[in-house]
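One structure is given below, encoded as structure tokens.
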Amino acid sequence: MNKIIITFALLFFLIPGLALSQAPAEDEITDSESSSKDKIDEIKDKVTTQVEKLNLVERKGLMGVVESVNENQIKINDLNDKIRIIEVDELTKYSSTENNSFGYDNIEPGTNISTLGLYNKDSEKLLARFLNEISIPVFLTGVISDVNEDDFSITLTTEDEINYIIDIETITKSFSFTDEDLENSGFSNLEVLQNAVATGFPDPDEENRISANRIIIFPDIPNNPRINIEVSSPTAESTPTPTL
Amino acid sequence: MNKEKVLISISAVVVGSLVAIGALFLYQSTKKISKSEVKSISVSSPTPTPASGLFLTIDSPIDEEIVETRLVEVSGQTIPGTKLIILTSTDEVSAVPTDDGKFSTEVSITSNENIIEIVAIAPNGESVRARRVVSFTTEDF
């Protein structure tokens with residue numbers, strides 16, 4: 001009978017013990033897991049730091065109009081009307097097509113500049129390596145609201161309801177966008193209510209007057225419905241209803 | 001006597017198994033999974049379809065990018081049927097998008113800074129434009 005009791009006791013304790021022995025001790029798991037996690041986290045931190053260092057600075061080129069100049073720091077208003085900060089140092093090289101001796105002292109509010117340098121994503125400043133004085137060209141898109149044959153100019157009305165006088169010069173290249181290609185065109189092909197794209201440089205003496213170096217018209221496309229133009233004396237037979 | 005032994009052995013095995021199962025159940029229920037071990041699965045929503053109307057997105061070039069070649073790829077998407085003009089200070093390129101609105105072409109630039117103006121004019125006359133400043137240099141800095 002004693003043997004039976006001993007057998008029973010052995011089975012009673014051994015079977016659960018064997019079952020539980022299949023699972024590793026929780027403490028062991030916690031210790032080994034935590035040490036390997038610490039190592040992984042440490043490696044991750046190192047990699048992240050290096051990646052951040054590598055990506056923090058990138059080469060960029062900015063363009064805009066100088067707003068202010070102060071102690072080797074130039075603030076410009078870029079083409080998206082955003083203020084950008086440019087820093088210059090002894091390595092910055094200056095150039096200008098108009099002024100051979102152009103340098104830091106020549107930079108003043110209103111100067112158009114472009115600069116190439118190292119942009120710091122963190123400080124959002126650009127350390128200029130090359131800084132050039134430039135003329136910023138004008139790109140206009142709108143509808144021709146007047147054609148002045150006397151002085152070879154047109155009036156281009158844009159979506160923001162500004163009328164620009166575009167002088168068509170002898171150097172102005174004219175194109176007509178028909179089908180899928182650009183074809184050479186001329187002043188005689190410019191008509192009121194045509195969509196047009198013009199590029200050029202502003203007239204320093206008159207606001208909203210542009211000396212065009214290119215003009216492209218789109219004769220197959222109706223005029224932009226978002227631009228309202230009142231035509232007082234339609235000249236072309238194909239001109240649609242005057243008031244739009 | 002043998003019958004008694006067998007019965008006791010069977011009952012011992014049954015009781016032992018029950019205890020083992022109970023112990024395992026307790027072990028599993030007390031086991032906690034740390035947050036770092038939990039894998040999160042996120043399902044991204046599909047790319048929204050552009051709203052009706054004229055739009056112009058430019059994939060290339062990136063604004064304020066510095067390039068080392070004078071030919072720059074201009075690619076993006078607009079609505080089909082649109083006429084595209086890509087302008088730089090020295091070059092003008094026309095393009096029309098494919099049936100899905102995508103377009104890709106090349107335009108030449110000059111040294112230093114360049115403005116690339118992309119104008120899209122829809123068949124109804126509406127226009128939209130995008131601008132990129134791209135600079136060309138081979139200088140190492």
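For the structure tokens, the naming scheme is as follows: chains receive sequential letters (A, B, ...) according to their order of presentation, residues are indexed from 1 within each chain, and ligands are indexed from 1 in presentation order.
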Self-check item: DSSP strand (DSSP E) residues within region 25-189 of chain A, listed as a PyMOL selection string
Solution: chain A and resi 57-70+73-78+83-87+93-96+112-120+125-133+138-148+153-158+163-178+181-184
Would you mind exporting C-alpha atoms of the selected residues as a JSON list (two decimals), in the first residue's frame?
[["chain", "number", "residue", "atom", "x", "y", "z"],
["A", 57, "VAL", "CA", 22.67, 69.74, -44.18],
["A", 58, "GLU", "CA", 21.89, 69.71, -47.87],
["A", 59, "ARG", "CA", 22.94, 71.74, -50.91],
["A", 60, "LYS", "CA", 20.35, 74.22, -52.03],
["A", 61, "GLY", "CA", 19.92, 77.20, -54.30],
["A", 62, "LEU", "CA", 17.73, 80.12, -53.26],
["A", 63, "MET", "CA", 16.59, 83.22, -55.10],
["A", 64, "GLY", "CA", 14.82, 86.35, -53.94],
["A", 65, "VAL", "CA", 14.81, 90.01, -53.10],
["A", 66, "VAL", "CA", 16.87, 91.26, -50.15],
["A", 67, "GLU", "CA", 14.75, 92.46, -47.24],
["A", 68, "SER", "CA", 17.51, 93.32, -44.77],
["A", 69, "VAL", "CA", 21.24, 92.92, -44.21],
["A", 70, "ASN", "CA", 22.65, 92.59, -40.73],
["A", 73, "GLN", "CA", 23.10, 87.65, -42.22],
["A", 74, "ILE", "CA", 20.88, 88.47, -45.17],
["A", 75, "LYS", "CA", 17.11, 88.09, -45.15],
["A", 76, "ILE", "CA", 15.51, 87.60, -48.52],
["A", 77, "ASN", "CA", 11.93, 87.35, -49.67],
["A", 78, "ASP", "CA", 11.95, 84.33, -51.96],
["A", 83, "ILE", "CA", 11.44, 85.07, -45.69],
["A", 84, "ARG", "CA", 14.67, 83.07, -45.88],
["A", 85, "ILE", "CA", 17.86, 83.64, -43.93],
["A", 86, "ILE", "CA", 21.25, 83.50, -45.63],
["A", 87, "GLU", "CA", 24.51, 83.57, -43.75],
["A", 93, "LYS", "CA", 32.15, 84.13, -53.30],
["A", 94, "TYR", "CA", 30.28, 87.07, -54.82],
["A", 95, "SER", "CA", 29.53, 87.88, -58.43],
["A", 96, "SER", "CA", 27.39, 90.17, -60.55],
["A", 112, "ASN", "CA", 17.88, 90.65, -56.36],
["A", 113, "ILE", "CA", 20.18, 87.82, -55.45],
["A", 114, "SER", "CA", 20.57, 84.12, -55.95],
["A", 115, "THR", "CA", 22.73, 81.97, -53.76],
["A", 116, "LEU", "CA", 24.05, 78.44, -53.63],
["A", 117, "GLY", "CA", 25.08, 76.99, -50.34],
["A", 118, "LEU", "CA", 24.59, 74.57, -47.49],
["A", 119, "TYR", "CA", 21.12, 74.58, -46.04],
["A", 120, "ASN", "CA", 20.71, 73.53, -42.42],
["A", 125, "LYS", "CA", 19.51, 78.93, -42.62],
["A", 126, "LEU", "CA", 21.61, 78.71, -45.75],
["A", 127, "LEU", "CA", 25.34, 79.19, -45.47],
["A", 128, "ALA", "CA", 26.14, 80.85, -48.80],
["A", 129, "ARG", "CA", 29.04, 79.58, -50.83],
["A", 130, "PHE", "CA", 28.18, 81.52, -53.97],
["A", 131, "LEU", "CA", 26.09, 84.68, -53.99],
["A", 132, "ASN", "CA", 25.15, 86.40, -57.24],
["A", 133, "GLU", "CA", 23.37, 89.62, -58.04],
["A", 138, "VAL", "CA", 8.84, 87.86, -64.90],
["A", 139, "PHE", "CA", 6.52, 85.05, -65.98],
["A", 140, "LEU", "CA", 2.95, 86.10, -66.69],
["A", 141, "THR", "CA", -0.10, 84.06, -67.64],
["A", 142, "GLY", "CA", -3.36, 85.72, -68.61],
["A", 143, "VAL", "CA", -5.66, 86.89, -71.36],
["A", 144, "ILE", "CA", -4.85, 89.58, -73.91],
["A", 145, "SER", "CA", -7.22, 92.46, -73.16],
["A", 146, "ASP", "CA", -5.81, 95.00, -75.62],
["A", 147, "VAL", "CA", -3.54, 95.09, -78.64],
["A", 148, "ASN", "CA", -1.84, 98.39, -79.35],
["A", 153, "SER", "CA", 2.44, 96.42, -77.15],
["A", 154, "ILE", "CA", -0.37, 94.39, -75.70],
["A", 155, "THR", "CA", -2.18, 94.46, -72.39],
["A", 156, "LEU", "CA", -2.25, 91.16, -70.55],
["A", 157, "THR", "CA", -4.78, 90.74, -67.75],
["A", 158, "THR", "CA", -3.91, 88.12, -65.15],
["A", 163, "ASN", "CA", -3.15, 94.67, -66.25],
["A", 164, "TYR", "CA", 0.40, 94.38, -67.52],
["A", 165, "ILE", "CA", 1.62, 96.23, -70.59],
["A", 166, "ILE", "CA", 3.81, 93.88, -72.57],
["A", 167, "ASP", "CA", 6.18, 95.52, -75.01],
["A", 168, "ILE", "CA", 6.81, 93.31, -78.02],
["A", 169, "GLU", "CA", 10.40, 94.01, -79.03],
["A", 170, "THR", "CA", 12.30, 92.97, -82.13],
["A", 171, "ILE", "CA", 14.04, 90.36, -80.00],
["A", 172, "THR", "CA", 10.74, 89.01, -78.68],
["A", 173, "LYS", "CA", 10.11, 85.46, -79.81],
["A", 174, "SER", "CA", 6.44, 84.74, -80.54],
["A", 175, "PHE", "CA", 4.93, 81.27, -80.58],
["A", 176, "SER", "CA", 1.53, 79.80, -81.17],
["A", 177, "PHE", "CA", 0.63, 76.58, -79.33],
["A", 178, "THR", "CA", -1.49, 74.67, -81.81],
["A", 181, "ASP", "CA", 3.60, 71.92, -80.99],
["A", 182, "LEU", "CA", 4.88, 75.44, -80.74],
["A", 183, "GLU", "CA", 4.83, 77.27, -84.06],
["A", 184, "ASN", "CA", 6.52, 80.55, -84.80]]
Quiz item: For chain B, which residues have at least one atom within 9 Å of chain A, if we go by only C-alpha atoms? Write them as a VMD selection string, please.
Solution: chain B and resid 5 8 to 9 11 to 13 15 to 24 27 31 63 to 66 83 85 87 89 92 to 96 112 to 115 117 119 121 to 129 131 133 to 137 141
If you keep N, CA and C atoms, can you produce a file of those selected residues as a short mmCIF file (atom, residue, chain, number, x, y, z; two decimals), in the first residue's frame?
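See part.cif below for the written result:
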data_model
loop_
_atom_site.label_atom_id
_atom_site.label_comp_id
_atom_site.auth_asym_id
_atom_site.auth_seq_id
_atom_site.Cartn_x
_atom_site.Cartn_y
_atom_site.Cartn_z
N LYS B 5 -4.10 -1.02 -8.16
CA LYS B 5 -2.91 -0.27 -8.61
C LYS B 5 -3.19 0.51 -9.89
N ILE B 8 -5.50 3.46 -9.22
CA ILE B 8 -4.80 4.55 -8.52
C ILE B 8 -3.85 5.27 -9.49
N SER B 9 -3.16 4.48 -10.34
CA SER B 9 -2.22 5.09 -11.30
C SER B 9 -2.95 6.01 -12.27
N SER B 11 -5.88 7.42 -11.87
CA SER B 11 -6.39 8.63 -11.19
C SER B 11 -5.26 9.61 -10.90
N ALA B 12 -4.07 9.04 -10.57
CA ALA B 12 -2.92 9.92 -10.33
C ALA B 12 -2.52 10.68 -11.60
N VAL B 13 -2.53 9.98 -12.73
CA VAL B 13 -2.20 10.63 -14.01
C VAL B 13 -3.22 11.72 -14.33
N VAL B 15 -5.23 13.37 -12.25
CA VAL B 15 -5.10 14.50 -11.32
C VAL B 15 -3.86 15.32 -11.65
N GLY B 16 -2.75 14.61 -11.93
CA GLY B 16 -1.50 15.31 -12.28
C GLY B 16 -1.66 16.15 -13.54
N SER B 17 -2.34 15.57 -14.55
CA SER B 17 -2.57 16.32 -15.79
C SER B 17 -3.39 17.57 -15.56
N LEU B 18 -4.44 17.38 -14.73
CA LEU B 18 -5.30 18.54 -14.42
C LEU B 18 -4.51 19.65 -13.74
N VAL B 19 -3.67 19.24 -12.80
CA VAL B 19 -2.84 20.23 -12.09
C VAL B 19 -1.89 20.92 -13.07
N ALA B 20 -1.30 20.11 -13.98
CA ALA B 20 -0.36 20.69 -14.97
C ALA B 20 -1.07 21.67 -15.89
N ILE B 21 -2.26 21.30 -16.35
CA ILE B 21 -3.03 22.20 -17.22
C ILE B 21 -3.37 23.49 -16.49
N GLY B 22 -3.78 23.30 -15.21
CA GLY B 22 -4.11 24.49 -14.40
C GLY B 22 -2.90 25.40 -14.23
N ALA B 23 -1.76 24.78 -13.97
CA ALA B 23 -0.54 25.58 -13.78
C ALA B 23 -0.17 26.32 -15.06
N LEU B 24 -0.29 25.63 -16.20
CA LEU B 24 0.01 26.29 -17.49
C LEU B 24 -0.94 27.46 -17.77
N TYR B 27 0.10 30.32 -15.73
CA TYR B 27 1.33 30.91 -16.25
C TYR B 27 1.02 31.82 -17.47
N LYS B 31 1.34 36.07 -17.89
CA LYS B 31 2.42 36.55 -18.77
C LYS B 31 2.00 37.86 -19.42
N ASP B 63 11.99 71.78 -55.80
CA ASP B 63 12.27 73.21 -55.67
C ASP B 63 13.59 73.44 -54.91
N GLU B 64 14.37 74.37 -55.41
CA GLU B 64 15.66 74.78 -54.83
C GLU B 64 16.74 73.69 -54.95
N GLU B 65 16.51 72.78 -55.88
CA GLU B 65 17.45 71.69 -56.10
C GLU B 65 18.69 72.19 -56.83
N ILE B 66 19.82 71.58 -56.54
CA ILE B 66 21.06 71.85 -57.29
C ILE B 66 21.34 70.63 -58.16
N LYS B 83 -2.87 71.67 -72.15
CA LYS B 83 -1.64 72.01 -72.87
C LYS B 83 -0.64 72.57 -71.87
N ILE B 85 3.16 74.28 -71.03
CA ILE B 85 4.34 75.03 -71.49
C ILE B 85 5.34 75.04 -70.34
N LEU B 87 8.87 76.71 -69.26
CA LEU B 87 9.72 77.84 -69.66
C LEU B 87 10.90 77.99 -68.71
N SER B 89 14.74 80.57 -68.70
CA SER B 89 15.17 81.84 -69.28
C SER B 89 15.64 81.69 -70.72
N GLU B 92 11.96 76.96 -74.15
CA GLU B 92 10.52 76.79 -74.02
C GLU B 92 10.15 75.45 -74.63
N VAL B 93 9.41 74.68 -73.90
CA VAL B 93 9.06 73.33 -74.33
C VAL B 93 7.55 73.15 -74.17
N SER B 94 6.93 72.59 -75.20
CA SER B 94 5.50 72.30 -75.10
C SER B 94 5.32 70.83 -74.79
N ALA B 95 4.21 70.51 -74.17
CA ALA B 95 3.94 69.11 -73.84
C ALA B 95 2.44 68.92 -73.67
N VAL B 96 2.02 67.71 -73.89
CA VAL B 96 0.63 67.35 -73.59
C VAL B 96 0.67 66.08 -72.74
N ASN B 112 24.31 78.45 -62.91
CA ASN B 112 23.78 79.09 -61.71
C ASN B 112 22.28 78.90 -61.57
N GLU B 113 21.57 79.98 -61.24
CA GLU B 113 20.16 79.85 -60.86
C GLU B 113 19.24 79.89 -62.07
N ASN B 114 18.15 79.16 -61.98
CA ASN B 114 17.16 79.13 -63.05
C ASN B 114 15.76 79.05 -62.45
N ILE B 115 14.84 79.75 -63.08
CA ILE B 115 13.44 79.56 -62.73
C ILE B 115 12.82 78.69 -63.81
N GLU B 117 9.30 77.62 -65.06
CA GLU B 117 7.87 77.92 -64.91
C GLU B 117 7.08 76.91 -65.73
N VAL B 119 3.32 75.96 -66.97
CA VAL B 119 1.96 76.49 -67.10
C VAL B 119 1.10 75.43 -67.77
N ILE B 121 -2.72 74.84 -69.32
CA ILE B 121 -3.96 75.49 -69.73
C ILE B 121 -4.96 74.42 -70.15
N ALA B 122 -6.08 74.38 -69.45
CA ALA B 122 -7.10 73.35 -69.67
C ALA B 122 -7.90 73.65 -70.94
N PRO B 123 -8.60 72.66 -71.45
CA PRO B 123 -9.40 72.89 -72.66
C PRO B 123 -10.46 73.98 -72.50
N ASN B 124 -10.89 74.25 -71.27
CA ASN B 124 -11.89 75.32 -71.07
C ASN B 124 -11.24 76.69 -70.85
N GLY B 125 -9.93 76.76 -70.93
CA GLY B 125 -9.24 78.04 -70.82
C GLY B 125 -8.65 78.32 -69.45
N GLU B 126 -9.06 77.57 -68.44
CA GLU B 126 -8.50 77.80 -67.10
C GLU B 126 -7.02 77.44 -67.11
N SER B 127 -6.28 78.15 -66.29
CA SER B 127 -4.84 77.88 -66.24
C SER B 127 -4.36 77.74 -64.81
N VAL B 128 -3.30 77.00 -64.68
CA VAL B 128 -2.65 76.85 -63.38
C VAL B 128 -1.15 76.78 -63.66
N ARG B 129 -0.36 77.25 -62.71
CA ARG B 129 1.08 77.22 -62.96
C ARG B 129 1.85 76.82 -61.71
N ARG B 131 6.09 76.66 -60.16
CA ARG B 131 7.42 77.24 -60.36
C ARG B 131 8.45 76.48 -59.54
N VAL B 133 12.73 76.61 -58.59
CA VAL B 133 14.06 77.22 -58.71
C VAL B 133 15.07 76.08 -58.73
N VAL B 134 15.81 76.00 -59.82
CA VAL B 134 16.80 74.92 -59.96
C VAL B 134 18.14 75.56 -60.33
N SER B 135 19.17 75.16 -59.66
CA SER B 135 20.49 75.75 -59.92
C SER B 135 21.44 74.70 -60.49
N PHE B 136 22.22 75.15 -61.45
CA PHE B 136 23.21 74.26 -62.05
C PHE B 136 24.60 74.65 -61.57
N THR B 137 25.33 73.70 -61.08
CA THR B 137 26.74 73.93 -60.76
C THR B 137 27.47 72.60 -60.69
N PHE B 141 31.01 71.84 -52.92
CA PHE B 141 31.01 72.61 -51.66
C PHE B 141 30.19 71.90 -50.61
#
Quiz item: What are the DSSP alpha helix (DSSP H) residues of region 9-206 of chain A, as a PyMOL selection string?
Solution: chain A and resi 9-21+26-56
The selected residues should be written to file as a tab-separated table (two decimals), in the first residue's frame (atoms: N, CA and C atoms).
chain	number	residue	atom	x	y	z
A	9	ALA	N	2.08	9.82	-5.14
A	9	ALA	CA	2.69	11.12	-4.78
A	9	ALA	C	3.68	11.56	-5.84
A	10	LEU	N	4.49	10.58	-6.32
A	10	LEU	CA	5.47	10.91	-7.36
A	10	LEU	C	4.80	11.43	-8.63
A	11	LEU	N	3.77	10.71	-9.05
A	11	LEU	CA	3.06	11.13	-10.27
A	11	LEU	C	2.43	12.51	-10.07
A	12	PHE	N	1.89	12.71	-8.89
A	12	PHE	CA	1.20	13.97	-8.59
A	12	PHE	C	2.14	15.17	-8.70
A	13	PHE	N	3.36	14.97	-8.22
A	13	PHE	CA	4.30	16.11	-8.24
A	13	PHE	C	5.13	16.20	-9.53
A	14	LEU	N	5.42	15.02	-10.10
A	14	LEU	CA	6.30	15.02	-11.27
A	14	LEU	C	5.63	15.56	-12.53
A	15	ILE	N	4.39	15.20	-12.77
A	15	ILE	CA	3.74	15.60	-14.02
A	15	ILE	C	3.61	17.13	-14.15
A	16	PRO	N	3.10	17.80	-13.11
A	16	PRO	CA	3.08	19.29	-13.24
A	16	PRO	C	4.47	19.87	-13.35
A	17	GLY	N	5.42	19.27	-12.65
A	17	GLY	CA	6.78	19.78	-12.71
A	17	GLY	C	7.37	19.67	-14.10
A	18	LEU	N	7.12	18.54	-14.73
A	18	LEU	CA	7.61	18.36	-16.09
A	18	LEU	C	6.95	19.36	-17.04
A	19	ALA	N	5.65	19.58	-16.84
A	19	ALA	CA	4.93	20.52	-17.72
A	19	ALA	C	5.49	21.93	-17.58
A	20	LEU	N	5.68	22.34	-16.35
A	20	LEU	CA	6.16	23.71	-16.13
A	20	LEU	C	7.60	23.89	-16.56
A	21	SER	N	8.36	22.78	-16.52
A	21	SER	CA	9.77	22.91	-16.91
A	21	SER	C	9.94	23.22	-18.39
A	26	GLU	N	10.68	33.03	-16.04
A	26	GLU	CA	10.33	34.40	-16.44
A	26	GLU	C	11.47	35.38	-16.19
A	27	ASP	N	12.16	35.16	-15.10
A	27	ASP	CA	13.27	36.05	-14.75
A	27	ASP	C	14.37	35.99	-15.80
A	28	GLU	N	14.63	34.72	-16.25
A	28	GLU	CA	15.67	34.55	-17.26
A	28	GLU	C	15.32	35.30	-18.53
A	29	ILE	N	14.02	35.17	-18.94
A	29	ILE	CA	13.58	35.85	-20.16
A	29	ILE	C	13.74	37.35	-20.00
A	30	THR	N	13.28	37.85	-18.87
A	30	THR	CA	13.32	39.29	-18.64
A	30	THR	C	14.74	39.82	-18.70
A	31	ASP	N	15.67	39.09	-18.06
A	31	ASP	CA	17.05	39.56	-18.03
A	31	ASP	C	17.67	39.57	-19.42
A	32	SER	N	17.53	38.43	-20.12
A	32	SER	CA	18.17	38.34	-21.45
A	32	SER	C	17.51	39.31	-22.42
A	33	GLU	N	16.17	39.42	-22.33
A	33	GLU	CA	15.46	40.33	-23.24
A	33	GLU	C	15.86	41.77	-23.00
A	34	SER	N	15.92	42.14	-21.72
A	34	SER	CA	16.24	43.53	-21.42
A	34	SER	C	17.65	43.90	-21.86
A	35	SER	N	18.61	42.95	-21.67
A	35	SER	CA	19.99	43.27	-22.08
A	35	SER	C	20.09	43.40	-23.60
A	36	SER	N	19.43	42.49	-24.33
A	36	SER	CA	19.49	42.59	-25.80
A	36	SER	C	18.73	43.82	-26.29
A	37	LYS	N	17.63	44.16	-25.60
A	37	LYS	CA	16.89	45.37	-25.99
A	37	LYS	C	17.73	46.62	-25.78
A	38	ASP	N	18.45	46.63	-24.67
A	38	ASP	CA	19.32	47.79	-24.40
A	38	ASP	C	20.35	47.95	-25.52
A	39	LYS	N	20.92	46.81	-25.92
A	39	LYS	CA	21.93	46.86	-26.98
A	39	LYS	C	21.30	47.35	-28.29
A	40	ILE	N	20.12	46.81	-28.60
A	40	ILE	CA	19.44	47.22	-29.84
A	40	ILE	C	19.12	48.71	-29.80
A	41	ASP	N	18.62	49.16	-28.64
A	41	ASP	CA	18.29	50.60	-28.51
A	41	ASP	C	19.53	51.46	-28.68
A	42	GLU	N	20.64	50.98	-28.11
A	42	GLU	CA	21.89	51.73	-28.20
A	42	GLU	C	22.34	51.85	-29.66
A	43	ILE	N	22.26	50.73	-30.38
A	43	ILE	CA	22.64	50.75	-31.80
A	43	ILE	C	21.70	51.66	-32.59
A	44	LYS	N	20.40	51.54	-32.26
A	44	LYS	CA	19.42	52.39	-32.96
A	44	LYS	C	19.73	53.87	-32.76
A	45	ASP	N	20.05	54.24	-31.51
A	45	ASP	CA	20.37	55.64	-31.21
A	45	ASP	C	21.58	56.11	-32.01
A	46	LYS	N	22.61	55.24	-32.06
A	46	LYS	CA	23.82	55.62	-32.80
A	46	LYS	C	23.51	55.82	-34.29
A	47	VAL	N	22.75	54.88	-34.85
A	47	VAL	CA	22.40	54.98	-36.28
A	47	VAL	C	21.57	56.23	-36.54
A	48	THR	N	20.59	56.46	-35.67
A	48	THR	CA	19.72	57.63	-35.84
A	48	THR	C	20.52	58.92	-35.79
A	49	THR	N	21.45	59.00	-34.83
A	49	THR	CA	22.27	60.21	-34.70
A	49	THR	C	23.09	60.45	-35.96
A	50	GLN	N	23.69	59.37	-36.46
A	50	GLN	CA	24.52	59.51	-37.67
A	50	GLN	C	23.67	59.92	-38.88
A	51	VAL	N	22.50	59.29	-39.00
A	51	VAL	CA	21.62	59.62	-40.12
A	51	VAL	C	21.17	61.07	-40.04
A	52	GLU	N	20.84	61.50	-38.82
A	52	GLU	CA	20.43	62.90	-38.63
A	52	GLU	C	21.55	63.85	-39.02
A	53	LYS	N	22.78	63.49	-38.62
A	53	LYS	CA	23.91	64.35	-38.96
A	53	LYS	C	24.09	64.43	-40.46
A	54	LEU	N	23.97	63.26	-41.10
A	54	LEU	CA	24.17	63.22	-42.55
A	54	LEU	C	23.09	63.99	-43.30
A	55	ASN	N	21.86	63.94	-42.83
A	55	ASN	CA	20.75	64.57	-43.53
A	55	ASN	C	20.45	65.99	-43.07
A	56	LEU	N	21.15	66.46	-42.08
A	56	LEU	CA	20.83	67.77	-41.53
A	56	LEU	C	21.18	68.89	-42.49
Quiz item: What's the 7 Å shell around Pro80 (chain B), counting only C-alpha atoms, without same-chain residues fewer than 3 positions away, as JSON, numbers by chain?
Solution: {"B": [97, 98, 99, 100, 101]}
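A straight line drawn from CA of Pro204 (chain A) to CA of Ser135 (chain A) is 11.3 Å long.
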Quiz item: Could you work out how far CA of Val72 (chain B) lies from CA of Lys102 (chain B), giving the answer in Å with one decimal?
Solution: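 Computed distance, CA of Lys102 (chain B) to CA of Val72 (chain B), equals 16.8 Å.
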Practice problem: Enter the distance from CA of Lys82 (chain A) to CA of Arg132 (chain B), in Å, rounded to one decimal. | Solution: 14.2 Å
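Residues in contact with Ser75 (chain B) at 6 Å, where only C-alpha atoms are counted and same-chain residues fewer than 2 positions away are skipped, are listed as Ile58, Asp59, Ser60, Phe103 and Ser104 of chain B.
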